[in-house]
Amino acid sequence: MRILLPVDGSEHSERVARHAILLAKNSTACEILLLNVQPPVDALEVLGHMPLREIEAMQETRGGDALAPARALLDAAGVAYEPMVVLGPVAETIARIASERQCDGIVIGLRGASKIVTVFMGSVARDVFALAPCPVTAVK
């Protein structure tokens with residue numbers, strides 16, 4: 001079983017990571033792909049003053065920082081994982097990685113609470129639901 005676990009470094013991502021740990025511990029063979037997607041920088045102010053490679057290096061560093069809390073939880077739980085930082089449109093990249101890596105499921109977080117799905121689901125989560133090639137588990 002291969003689970004894609006996209007995180008952004010927030011406290012909510014830690015809750016999502018804890019849920020993925022429970023899934024992994026209840027499975028005889030589970031591989032977690034821990035993913036942070038850094039959106040493309042399109043601000044002309046930044047692009048005009050910094051080389052693209054420098055911007056990408058900065059994003060990769062931010063992605064690594066965003067993975068750190070989930071990595072600490074996975075390490076403490078003794079759950080194996082593969083960390084990944086990828087640059088691109090967030091929801092589309094999550095769905096693409098899930099497809100390319102033949103993931104059996106995605107565990108993703110939601111933000112807020114409301115009775116209307118389009119209000120309480122973050123736009124990234126909503127788009128991942130629409131684009132994902134596999135089942136998606138939402139963690140509130």
# chains A, B, ... in the order shown; residues from 1 in each chain; ligands from 1
>>> select_by_dssp(residues="chain A", states="strand (DSSP E or B)", output="VMD selection string")
chain A and resid 2 to 6 31 to 38 81 to 87 105 to 109 136 to 139
>>> residues_around(residues="range 7-12 of chain A", least_positions_apart="2", cutoff="12 Å", atoms="only C-alpha atoms", output="PyMOL selection string")
chain A and resi 4-5+14-20+33-39+62-73+83-86+90-91+94+106-112+122+124-125+138-140
>>> closest_residue(among="A:Thr137, A:Cys30, A:Arg126, A:Leu131", to="Thr93 in chain A", atoms="only C-alpha atoms")
A:Leu131
>>> atom_distance(atom1="CA of Gly105 in chain A", atom2="CA of Pro135 in chain A")
4.9 Å
>>> closest_residue(among="A:Val79, A:Ile3, A:Leu87, A:Leu22", to="Glu56 in chain A", atoms="only C-alpha atoms")
A:Leu87
>>> atom_distance(atom1="CA of Pro89 in chain A", atom2="CA of Val41 in chain A")
10.0 Å
>>> residues_around(residues="Arg2 in chain A", least_positions_apart="3", cutoff="6 Å", atoms="only C-alpha atoms", output="VMD selection string")
chain A and resid 30 to 32 103 to 104
>>> atom_distance(atom1="CA of Arg96 in chain A", atom2="CA of Pro133 in chain A")
8.4 Å
>>> select_by_dssp(residues="range 26-88 of chain A", states="helix (DSSP H, G or I)", output="ChimeraX atom specification")
/A:44-47,52-77
